[in-house]
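The file query_10.cif comes next; it holds mmCIF, C-alpha atoms.
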```cif
data_input
#
loop_
_atom_site.label_atom_id
_atom_site.label_comp_id
_atom_site.auth_asym_id
_atom_site.auth_seq_id
_atom_site.Cartn_x
_atom_site.Cartn_y
_atom_site.Cartn_z
CA MET A 1 185.24 -28.30 40.17
CA GLN A 2 183.74 -25.11 38.80
CA LYS A 3 180.19 -23.89 38.94
CA GLY A 4 178.48 -25.23 35.81
CA ASP A 5 180.56 -28.40 35.50
CA PHE A 6 178.55 -31.53 34.74
CA VAL A 7 179.49 -34.47 36.97
CA TYR A 8 178.08 -37.78 38.15
CA ILE A 9 178.30 -38.36 41.88
CA SER A 10 177.61 -41.17 44.32
CA TYR A 11 176.88 -40.68 47.99
CA VAL A 12 175.71 -42.14 51.24
CA GLY A 13 173.71 -39.63 53.32
CA ARG A 14 173.42 -40.22 57.07
CA ILE A 15 171.74 -38.37 59.94
CA LYS A 16 174.65 -37.43 62.20
CA GLU A 17 172.98 -38.02 65.57
CA SER A 18 171.59 -41.49 64.75
CA GLY A 19 173.89 -42.69 61.98
CA GLU A 20 170.73 -43.64 60.06
CA ILE A 21 171.06 -43.70 56.25
CA PHE A 22 168.34 -41.53 54.66
CA ASP A 23 169.62 -41.64 51.08
CA VAL A 24 172.12 -43.77 49.17
CA THR A 25 172.92 -43.97 45.47
CA SER A 26 174.54 -47.42 45.37
CA GLU A 27 172.34 -50.52 45.32
CA GLU A 28 175.20 -52.58 46.71
CA ILE A 29 175.65 -50.33 49.74
CA ALA A 30 171.87 -50.12 50.22
CA ARG A 31 171.69 -53.92 50.41
CA LYS A 32 174.74 -54.21 52.65
CA GLU A 33 173.37 -51.59 55.04
CA GLY A 34 169.90 -53.12 55.07
CA VAL A 35 168.15 -50.09 53.60
CA TYR A 36 167.53 -51.49 50.11
CA ASN A 37 164.22 -50.36 48.63
CA PRO A 38 163.03 -52.19 45.50
CA GLU A 39 161.08 -49.09 44.42
CA VAL A 40 164.23 -46.98 44.15
CA LYS A 41 166.30 -46.72 40.98
CA TYR A 42 169.89 -46.75 42.23
CA GLY A 43 172.89 -45.33 40.37
CA ASP A 44 175.17 -42.32 40.16
CA ILE A 45 173.38 -39.00 40.13
CA PRO A 46 173.98 -36.35 37.44
CA VAL A 47 174.71 -32.94 38.95
CA ILE A 48 175.47 -29.54 37.47
CA VAL A 49 177.80 -28.10 40.11
CA GLY A 50 176.32 -25.01 41.73
CA ALA A 51 172.93 -25.36 40.04
CA GLY A 52 170.92 -26.51 43.03
CA PHE A 53 170.64 -30.13 41.91
CA VAL A 54 171.69 -31.13 45.45
CA ILE A 55 171.37 -29.39 48.85
CA PRO A 56 173.53 -26.24 49.19
CA GLY A 57 176.04 -27.80 51.63
CA LEU A 58 176.76 -30.63 49.22
CA ASP A 59 176.89 -28.31 46.21
CA GLU A 60 179.54 -26.17 47.95
CA ALA A 61 181.58 -29.25 48.80
CA LEU A 62 181.54 -30.40 45.17
CA GLU A 63 183.03 -27.06 44.08
CA LYS A 64 186.08 -27.80 46.25
CA MET A 65 186.53 -31.36 45.00
CA ASN A 66 188.15 -32.95 41.95
CA VAL A 67 186.98 -35.75 39.69
CA GLY A 68 187.65 -39.09 41.37
CA GLU A 69 187.87 -37.55 44.83
CA LYS A 70 185.86 -38.88 47.76
CA ARG A 71 185.04 -36.78 50.81
CA THR A 72 183.07 -36.93 54.01
CA VAL A 73 181.07 -33.74 54.34
CA GLU A 74 179.18 -32.55 57.39
CA VAL A 75 176.24 -30.32 56.52
CA GLU A 76 174.47 -28.05 59.02
CA PRO A 77 170.65 -27.84 58.78
CA GLN A 78 170.64 -24.33 57.25
CA LYS A 79 172.59 -25.72 54.26
CA ALA A 80 170.50 -28.90 54.13
CA PHE A 81 166.76 -29.12 54.83
CA GLY A 82 166.50 -26.05 57.05
CA GLU A 83 166.00 -25.61 60.78
CA ARG A 84 162.99 -27.12 62.50
CA ARG A 85 160.27 -24.52 62.92
CA GLU A 86 157.87 -24.80 65.84
CA ASP A 87 155.28 -22.82 63.88
CA LEU A 88 155.07 -25.73 61.41
CA ILE A 89 153.62 -27.90 64.19
CA LYS A 90 149.86 -27.41 63.95
CA LEU A 91 146.87 -28.45 66.01
CA ILE A 92 144.09 -29.81 63.81
CA PRO A 93 140.67 -30.95 65.11
CA GLU A 94 140.31 -34.72 64.79
CA SER A 95 136.90 -34.03 63.20
CA GLU A 96 138.67 -32.61 60.11
CA PHE A 97 140.11 -36.07 59.44
CA LYS A 98 136.89 -37.92 60.39
CA LYS A 99 135.05 -35.81 57.79
CA GLN A 100 137.33 -37.35 55.16
CA ASN A 101 136.95 -40.82 56.70
CA ILE A 102 140.58 -40.80 57.79
CA ASP A 103 141.38 -42.60 61.02
CA VAL A 104 144.59 -40.94 62.25
CA LYS A 105 147.12 -42.61 64.53
CA VAL A 106 150.32 -41.30 66.10
CA GLY A 107 153.20 -41.66 63.63
CA ASP A 108 150.97 -41.55 60.53
CA PHE A 109 151.84 -39.30 57.64
CA VAL A 110 148.84 -37.20 56.67
CA SER A 111 148.29 -34.79 53.81
CA VAL A 112 146.58 -31.49 54.65
CA ASN A 113 145.99 -28.98 51.87
CA GLY A 114 148.62 -30.79 49.82
CA VAL A 115 151.31 -30.61 52.51
CA THR A 116 152.49 -33.78 54.24
CA GLY A 117 152.96 -33.90 57.98
CA ARG A 118 153.52 -36.47 60.69
CA VAL A 119 151.08 -37.02 63.54
CA LEU A 120 152.89 -36.39 66.85
CA SER A 121 150.02 -36.87 69.31
CA ILE A 122 146.23 -36.98 69.62
CA ASN A 123 144.64 -35.50 72.76
CA ALA A 124 141.06 -34.53 73.52
CA GLY A 125 140.12 -34.51 69.83
CA ARG A 126 143.12 -32.39 68.85
CA VAL A 127 145.75 -33.80 66.51
CA ARG A 128 149.27 -32.37 66.65
CA VAL A 129 150.82 -32.58 63.18
CA ASP A 130 154.46 -31.75 62.37
CA PHE A 131 154.77 -30.25 58.89
CA ASN A 132 158.56 -29.84 59.08
CA HIS A 133 160.62 -31.79 56.55
CA PRO A 134 161.67 -35.06 58.25
CA LEU A 135 165.31 -33.96 57.89
CA ALA A 136 164.75 -30.38 59.11
CA GLY A 137 167.02 -29.54 62.05
CA LYS A 138 169.30 -32.50 61.36
CA VAL A 139 173.04 -32.32 60.78
CA LEU A 140 173.82 -34.58 57.84
CA ILE A 141 176.95 -36.52 56.96
CA TYR A 142 177.54 -37.25 53.29
CA GLU A 143 180.21 -39.58 51.99
CA VAL A 144 180.33 -38.23 48.47
CA GLU A 145 182.44 -39.14 45.46
CA ILE A 146 182.71 -37.41 42.10
CA LYS A 147 182.71 -40.43 39.81
CA LYS A 148 183.19 -38.69 36.49
CA GLN A 149 182.80 -35.43 34.64
CA VAL A 150 181.04 -35.13 31.29
CA THR A 151 182.04 -32.42 28.85
CA GLU A 152 180.44 -33.38 25.54
CA VAL A 153 177.25 -31.47 24.78
CA ARG A 154 175.35 -34.70 24.05
CA GLU A 155 176.31 -36.14 27.43
CA LYS A 156 175.34 -32.91 29.16
CA ILE A 157 171.90 -33.02 27.55
CA TYR A 158 171.44 -36.58 28.71
CA ALA A 159 172.59 -35.70 32.25
CA ILE A 160 169.87 -33.04 32.47
CA LEU A 161 167.25 -35.39 31.02
CA LYS A 162 168.27 -38.11 33.48
CA TYR A 163 168.14 -35.75 36.45
CA PHE A 164 164.55 -34.73 35.73
CA SER A 165 163.18 -38.01 34.32
CA ASN A 166 165.48 -40.80 35.63
CA LEU A 167 165.12 -42.27 32.16
CA ASP A 168 167.54 -45.03 31.09
CA GLU A 169 169.86 -43.99 28.29
CA SER A 170 168.51 -46.81 26.12
CA LEU A 171 165.03 -45.22 26.17
CA ALA A 172 166.09 -41.82 24.86
CA ASP A 173 168.01 -41.00 21.72
CA VAL A 174 169.87 -37.76 22.37
CA LYS A 175 171.45 -35.82 19.50
CA PHE A 176 173.17 -32.48 19.14
CA ALA A 177 173.91 -30.59 15.94
CA ASN A 178 173.95 -26.95 14.84
CA GLY A 179 172.88 -25.56 18.19
CA THR A 180 169.89 -27.90 18.43
CA ALA A 181 169.41 -30.55 21.09
CA GLU A 182 167.12 -33.36 19.98
CA ILE A 183 165.66 -35.81 22.47
CA GLU A 184 163.77 -38.67 20.87
CA VAL A 185 161.71 -41.27 22.71
CA LYS A 186 159.77 -44.22 21.29
CA GLY A 187 156.15 -45.09 21.97
CA PHE A 188 155.69 -42.97 25.07
CA GLN A 189 155.45 -39.35 26.11
CA LEU A 190 157.65 -37.36 28.45
CA ALA A 191 155.54 -35.46 30.96
CA GLY A 192 155.04 -31.75 30.24
CA ARG A 193 156.63 -30.81 33.55
CA ILE A 194 159.77 -32.82 32.71
CA LYS A 195 160.05 -31.17 29.29
CA GLU A 196 159.69 -27.70 30.80
CA ASN A 197 162.44 -28.36 33.34
CA VAL A 198 164.76 -29.90 30.75
CA VAL A 199 164.33 -26.97 28.33
CA ARG A 200 164.87 -24.35 31.03
CA THR A 201 167.95 -26.10 32.42
CA ILE A 202 169.51 -26.72 29.00
CA PHE A 203 169.15 -23.06 28.00
CA GLN A 204 170.59 -21.97 31.35
CA TRP A 205 173.59 -24.31 31.54
CA ILE A 206 174.55 -25.42 28.02
CA LYS A 207 175.48 -22.27 26.14
CA GLU A 208 176.00 -24.10 22.83
CA ILE A 209 172.27 -24.84 22.60
CA ASN A 210 169.62 -22.39 21.43
CA LYS A 211 166.95 -24.85 20.32
CA VAL A 212 165.53 -27.97 21.97
CA LYS A 213 163.45 -30.47 20.05
CA PHE A 214 161.53 -33.29 21.75
CA SER A 215 160.41 -36.09 19.45
CA GLU A 216 158.12 -39.03 20.08
CA VAL A 217 158.20 -41.82 17.55
CA TYR A 218 155.43 -44.35 16.98
CA GLU A 219 155.91 -47.34 14.71
CA LYS A 220 153.31 -49.41 12.94
CA THR A 221 153.30 -52.79 14.64
CA GLU A 222 151.21 -54.94 12.29
CA LYS A 223 153.19 -56.84 9.72
CA PRO A 224 152.45 -55.78 6.16
CA LYS A 225 150.17 -58.23 4.34
CA SER A 226 152.12 -60.17 1.75
CA MET B 1 134.43 -40.88 -4.25
CA GLN B 2 135.92 -44.05 -2.88
CA LYS B 3 136.22 -45.18 0.68
CA GLY B 4 139.56 -43.90 1.97
CA ASP B 5 139.66 -40.78 -0.21
CA PHE B 6 140.73 -37.61 1.61
CA VAL B 7 138.45 -34.65 0.90
CA TYR B 8 137.51 -31.30 2.35
CA ILE B 9 133.80 -30.63 2.61
CA SER B 10 131.52 -27.76 3.55
CA TYR B 11 127.96 -28.16 4.74
CA VAL B 12 124.91 -26.62 6.29
CA GLY B 13 123.05 -29.05 8.58
CA ARG B 14 119.38 -28.38 9.35
CA ILE B 15 116.73 -30.14 11.41
CA LYS B 16 114.09 -31.07 8.85
CA GLU B 17 110.97 -30.39 10.91
CA SER B 18 112.02 -26.91 12.10
CA GLY B 19 114.52 -25.82 9.45
CA GLU B 20 116.84 -24.85 12.31
CA ILE B 21 120.57 -24.87 11.51
CA PHE B 22 122.45 -27.02 14.05
CA ASP B 23 125.84 -27.01 12.30
CA VAL B 24 127.44 -24.97 9.55
CA THR B 25 131.02 -24.86 8.29
CA SER B 26 130.98 -21.45 6.60
CA GLU B 27 131.37 -18.31 8.71
CA GLU B 28 129.68 -16.28 5.99
CA ILE B 29 126.57 -18.46 5.98
CA ALA B 30 126.57 -18.59 9.81
CA ARG B 31 126.46 -14.79 9.92
CA LYS B 32 123.87 -14.51 7.16
CA GLU B 33 121.61 -17.05 8.88
CA GLY B 34 122.06 -15.45 12.30
CA VAL B 35 123.69 -18.50 13.93
CA TYR B 36 127.25 -17.16 14.05
CA ASN B 37 129.10 -18.26 17.19
CA PRO B 38 132.40 -16.48 17.94
CA GLU B 39 133.66 -19.58 19.81
CA VAL B 40 133.50 -21.72 16.67
CA LYS B 41 136.38 -22.08 14.22
CA TYR B 42 134.70 -22.09 10.82
CA GLY B 43 136.10 -23.60 7.64
CA ASP B 44 135.97 -26.65 5.41
CA ILE B 45 136.15 -29.96 7.26
CA PRO B 46 138.69 -32.67 6.39
CA VAL B 47 137.07 -36.05 5.93
CA ILE B 48 138.37 -39.50 5.05
CA VAL B 49 135.42 -40.91 3.10
CA GLY B 50 133.94 -43.96 4.85
CA ALA B 51 136.07 -43.57 7.98
CA GLY B 52 133.38 -42.31 10.33
CA PHE B 53 134.59 -38.71 10.38
CA VAL B 54 130.98 -37.67 9.76
CA ILE B 55 127.62 -39.33 10.56
CA PRO B 56 126.94 -42.52 8.52
CA GLY B 57 124.24 -40.95 6.33
CA LEU B 58 126.57 -38.17 5.24
CA ASP B 59 129.51 -40.57 4.79
CA GLU B 60 127.41 -42.72 2.42
CA ALA B 61 126.35 -39.66 0.44
CA LEU B 62 130.00 -38.60 0.00
CA GLU B 63 130.82 -41.98 -1.55
CA LYS B 64 128.30 -41.25 -4.32
CA MET B 65 129.55 -37.73 -4.99
CA ASN B 66 132.40 -36.23 -7.02
CA VAL B 67 134.82 -33.45 -6.22
CA GLY B 68 133.14 -30.08 -6.74
CA GLU B 69 129.65 -31.56 -6.47
CA LYS B 70 127.01 -30.12 -4.18
CA ARG B 71 124.05 -32.16 -2.90
CA THR B 72 121.14 -31.89 -0.54
CA VAL B 73 121.02 -35.05 1.55
CA GLU B 74 118.20 -36.14 3.84
CA VAL B 75 119.38 -38.35 6.68
CA GLU B 76 117.09 -40.52 8.83
CA PRO B 77 117.82 -40.67 12.58
CA GLN B 78 119.28 -44.20 12.46
CA LYS B 79 122.01 -42.90 10.11
CA ALA B 80 122.46 -39.68 12.11
CA PHE B 81 122.24 -39.39 15.90
CA GLY B 82 120.04 -42.41 16.55
CA GLU B 83 116.38 -42.77 17.49
CA ARG B 84 115.06 -41.17 20.65
CA ARG B 85 114.97 -43.72 23.45
CA GLU B 86 112.38 -43.33 26.20
CA ASP B 87 114.61 -45.30 28.58
CA LEU B 88 117.14 -42.46 28.40
CA ILE B 89 114.61 -40.21 30.13
CA LYS B 90 115.33 -40.64 33.84
CA LEU B 91 113.67 -39.48 37.04
CA ILE B 92 116.24 -38.12 39.48
CA PRO B 93 115.41 -36.92 43.01
CA GLU B 94 115.86 -33.14 43.27
CA SER B 95 117.87 -33.83 46.46
CA GLU B 96 120.67 -35.34 44.35
CA PHE B 97 121.22 -31.93 42.75
CA LYS B 98 120.75 -30.02 46.02
CA LYS B 99 123.50 -32.14 47.57
CA GLN B 100 125.85 -30.73 44.93
CA ASN B 101 124.45 -27.21 45.44
CA ILE B 102 122.92 -27.27 41.96
CA ASP B 103 119.66 -25.38 41.54
CA VAL B 104 117.97 -27.06 38.57
CA LYS B 105 115.42 -25.38 36.33
CA VAL B 106 113.42 -26.69 33.38
CA GLY B 107 115.51 -26.45 30.20
CA ASP B 108 118.87 -26.61 32.02
CA PHE B 109 121.59 -28.92 30.83
CA VAL B 110 122.88 -31.01 33.73
CA SER B 111 125.74 -33.48 33.96
CA VAL B 112 125.05 -36.72 35.81
CA ASN B 113 127.86 -39.29 36.09
CA GLY B 114 129.58 -37.58 33.19
CA VAL B 115 126.56 -37.73 30.86
CA THR B 116 124.77 -34.54 29.86
CA GLY B 117 121.00 -34.35 29.86
CA ARG B 118 118.28 -31.71 29.62
CA VAL B 119 115.77 -31.05 32.38
CA LEU B 120 112.25 -31.65 31.02
CA SER B 121 110.17 -31.06 34.16
CA ILE B 122 110.35 -30.86 37.95
CA ASN B 123 107.43 -32.23 39.95
CA ALA B 124 107.11 -33.10 43.64
CA GLY B 125 110.89 -33.23 44.10
CA ARG B 126 111.44 -35.43 41.03
CA VAL B 127 113.44 -34.10 38.11
CA ARG B 128 112.81 -35.60 34.65
CA VAL B 129 116.07 -35.50 32.68
CA ASP B 130 116.39 -36.41 29.00
CA PHE B 131 119.78 -37.99 28.27
CA ASN B 132 119.09 -38.45 24.54
CA HIS B 133 121.39 -36.59 22.13
CA PRO B 134 119.62 -33.31 21.27
CA LEU B 135 119.48 -34.47 17.63
CA ALA B 136 118.28 -38.01 18.42
CA GLY B 137 115.09 -38.84 16.55
CA LYS B 138 115.54 -35.94 14.13
CA VAL B 139 115.60 -36.18 10.36
CA LEU B 140 118.45 -34.00 9.17
CA ILE B 141 118.97 -32.14 5.91
CA TYR B 142 122.54 -31.48 4.85
CA GLU B 143 123.54 -29.25 1.99
CA VAL B 144 126.99 -30.66 1.44
CA GLU B 145 129.72 -29.85 -1.05
CA ILE B 146 133.00 -31.65 -1.70
CA LYS B 147 135.32 -28.69 -2.05
CA LYS B 148 138.53 -30.52 -2.94
CA GLN B 149 140.36 -33.81 -2.71
CA VAL B 150 143.91 -34.13 -1.37
CA THR B 151 146.15 -36.92 -2.60
CA GLU B 152 149.65 -35.99 -1.46
CA VAL B 153 150.78 -37.86 1.64
CA ARG B 154 151.80 -34.62 3.36
CA GLU B 155 148.35 -33.12 2.80
CA LYS B 156 146.70 -36.30 4.05
CA ILE B 157 148.74 -36.16 7.26
CA TYR B 158 147.71 -32.55 7.78
CA ALA B 159 144.04 -33.39 7.11
CA ILE B 160 144.10 -35.98 9.90
CA LEU B 161 145.91 -33.61 12.26
CA LYS B 162 143.41 -30.87 11.50
CA TYR B 163 140.43 -33.17 12.06
CA PHE B 164 141.59 -34.12 15.56
CA SER B 165 143.22 -30.85 16.66
CA ASN B 166 141.69 -28.09 14.49
CA LEU B 167 145.21 -26.65 14.38
CA ASP B 168 146.00 -23.99 11.77
CA GLU B 169 148.46 -25.13 9.13
CA SER B 170 150.83 -22.33 10.14
CA LEU B 171 151.21 -23.84 13.64
CA ALA B 172 152.31 -27.28 12.48
CA ASP B 173 155.16 -28.21 10.19
CA VAL B 174 154.21 -31.48 8.50
CA LYS B 175 156.82 -33.51 6.62
CA PHE B 176 156.90 -36.90 4.93
CA ALA B 177 159.95 -38.86 3.85
CA ASN B 178 160.98 -42.53 3.76
CA GLY B 179 157.76 -43.83 5.28
CA THR B 180 157.95 -41.42 8.21
CA ALA B 181 155.41 -38.70 8.97
CA GLU B 182 156.85 -35.88 11.04
CA ILE B 183 154.62 -33.34 12.73
CA GLU B 184 156.51 -30.48 14.33
CA VAL B 185 155.00 -27.80 16.55
CA LYS B 186 156.71 -24.84 18.22
CA GLY B 187 156.54 -23.92 21.89
CA PHE B 188 153.47 -25.94 22.81
CA GLN B 189 152.39 -29.55 23.24
CA LEU B 190 149.75 -31.52 21.41
CA ALA B 191 147.49 -33.33 23.87
CA GLY B 192 148.21 -37.04 24.35
CA ARG B 193 144.68 -37.95 23.21
CA ILE B 194 145.17 -36.01 19.95
CA LYS B 195 148.50 -37.73 19.28
CA GLU B 196 146.97 -41.18 19.89
CA ASN B 197 144.11 -40.50 17.48
CA VAL B 198 146.41 -39.06 14.82
CA VAL B 199 148.81 -42.04 15.00
CA ARG B 200 146.02 -44.63 14.87
CA THR B 201 144.28 -42.89 11.94
CA ILE B 202 147.49 -42.37 9.96
CA PHE B 203 148.45 -46.05 10.26
CA GLN B 204 144.93 -47.10 9.28
CA TRP B 205 144.41 -44.82 6.29
CA ILE B 206 147.79 -43.80 4.86
CA LYS B 207 149.47 -46.99 3.74
CA GLU B 208 152.72 -45.24 2.79
CA ILE B 209 153.44 -44.45 6.45
CA ASN B 210 154.89 -46.85 8.99
CA LYS B 211 156.37 -44.37 11.44
CA VAL B 212 154.99 -41.19 12.99
CA LYS B 213 157.20 -38.68 14.73
CA PHE B 214 155.82 -35.81 16.80
CA SER B 215 158.30 -33.04 17.54
CA GLU B 216 158.04 -30.04 19.82
CA VAL B 217 160.60 -27.31 19.37
CA TYR B 218 161.59 -24.74 21.97
CA GLU B 219 163.83 -21.81 21.14
CA LYS B 220 165.95 -19.73 23.44
CA THR B 221 164.34 -16.33 23.57
CA GLU B 222 166.90 -14.21 25.42
CA LYS B 223 169.30 -12.37 23.21
CA PRO B 224 172.92 -13.47 23.66
CA LYS B 225 174.96 -11.00 25.67
CA SER B 226 177.41 -9.12 23.49
#
```

Turn this file's structure into structure tokens for me.
Amino acid sequence: MQKGDFVYISYVGRIKESGEIFDVTSEEIARKEGVYNPEVKYGDIPVIVGAGFVIPGLDEALEKMNVGEKRTVEVEPQKAFGERREDLIKLIPESEFKKQNIDVKVGDFVSVNGVTGRVLSINAGRVRVDFNHPLAGKVLIYEVEIKKQVTEVREKIYAILKYFSNLDESLADVKFANGTAEIEVKGFQLAGRIKENVVRTIFQWIKEINKVKFSEVYEKTEKPKS
Amino acid sequence: MQKGDFVYISYVGRIKESGEIFDVTSEEIARKEGVYNPEVKYGDIPVIVGAGFVIPGLDEALEKMNVGEKRTVEVEPQKAFGERREDLIKLIPESEFKKQNIDVKVGDFVSVNGVTGRVLSINAGRVRVDFNHPLAGKVLIYEVEIKKQVTEVREKIYAILKYFSNLDESLADVKFANGTAEIEVKGFQLAGRIKENVVRTIFQWIKEINKVKFSEVYEKTEKPKS
């Protein structure tokens, strides 16, 4: 593929040392492997090759692949979630948590100043918290497949919308004409942050578009009196 | 006028007993009377007669008036901001404010559980706060004029939008065709609360409309490379 190509991919992501699956796009495989999570929306993932939609190691692999190809890719930490950094392990007085009425236990995930960490140990009123990403320092193995490429502008717009919103195609009416992308939804609002990301990404990666229009439609529900 | 008519009005609102102006729509009069406030956007106010856009006493007066007519209307508290209620004067321990590092003084406006009140007195650690509306119990005198009526659907849509958003006409492109109202803005978002109010009010008061579409347009700003 080339940088800037729009594709849909599927993958199974495993931690090399343990074989543990940390991410999987297929519901069927998730169920078979016993990692099914009812909160997750499964399905192929839209990716603009080389645009940072996936970790760098996977992005680079996609550039070397063709549509329909399946590969097993080993990704070193520096091209995945980074190396583990000892300086991201912090000692926090247990009293800081007690003040907020939080009873910490080893293994808990805690949020400190908006950053999530995992409690490693508690000794003499001092809590050791690891703020590294859970996958930092891990070598990852992806079985990745490029399922299809999309080339029509309308499909590219939808791919970007889906990446940022995970919205079903049936909930968004996507149109393209005269350089304008129009994304219409019914009875609800797309979050401001989603719209900002969609606009920025469209202008960066779909050269045919110079205008993006988001529309929200509301319909009168009462029946007219006869 | 009739209930449901769309008009633009101007007024000067005074407290009868003191003659004090508490609200005025004209910048010129505000300046002349020495009550000009640079934070306020002056101008005629859009009103749907009988729809509660203004206090009941003023709404009733509008129903008896004609376009171009000017009247002086005296409004009793029960048709304005209600009677003063002694039970809305509360005693709050000064310690409640100290806990929040608030140093209260007589005359201050304070917010307690989201409701604003005025400090009447502080005695022996007890703060008397009046949670009545500042105009509760007041007889009001309005000099009101119906400046114009709008009857076109497009103008009615804009009147509703203006009432809830105070948006300048140049910032919103309002269209009407085939039962659909379309409100388009460029480069910014209308707040969700504004959109909800506009939709509800349009469906209630403009019978020609059964669909409302809000659009936000973003344009690519970089010049294309030549």

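Closest to Gly192 of chain B among A:Glu216, A:Ser95, A:Glu208, A:Val153 is A:Glu216, based on only C-alpha atoms.
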
Around (150.7, -27.1, 11.9), as given in the file, which residues come within 8 Å? Count all atoms listed in the file and list them as a short mmCIF file (atom, residue, chain, number, x, y, z; two decimals) with C-alpha atoms, in the frame of the given file.
```cif
data_model
loop_
_atom_site.label_atom_id
_atom_site.label_comp_id
_atom_site.auth_asym_id
_atom_site.auth_seq_id
_atom_site.Cartn_x
_atom_site.Cartn_y
_atom_site.Cartn_z
CA TYR B 158 147.71 -32.55 7.78
CA LEU B 167 145.21 -26.65 14.38
CA ASP B 168 146.00 -23.99 11.77
CA GLU B 169 148.46 -25.13 9.13
CA SER B 170 150.83 -22.33 10.14
CA LEU B 171 151.21 -23.84 13.64
CA ALA B 172 152.31 -27.28 12.48
CA ASP B 173 155.16 -28.21 10.19
CA VAL B 174 154.21 -31.48 8.50
CA ILE B 183 154.62 -33.34 12.73
CA GLU B 184 156.51 -30.48 14.33
CA VAL B 185 155.00 -27.80 16.55
#
```

Margin query: Only residues of chain A matter here; which ones have an atom within 12 Å of chain B, counting only C-alpha atoms? Give them as a PyMOL selection string.
Written below: chain A and resi 179-193+195-204+206-225

Note to self: Take the PyMOL selection byres ((chain A and resi 107) around 7), run it mentally on this structure, and tell me the resulting residues as a ChimeraX atom specification.
What the structure shows: /A:105-106,108-109,118-120

Notebook entry, point to check: Neighbours of segment 42-45 of chain B within 8 Å (all atoms listed in the file; same-chain residues fewer than 5 positions away dropped), as a list in words?
Noted result: Tyr8, Ile9, Ser10, Val24, Thr25, Ser26, Glu27, Lys147 and Tyr163 of chain B
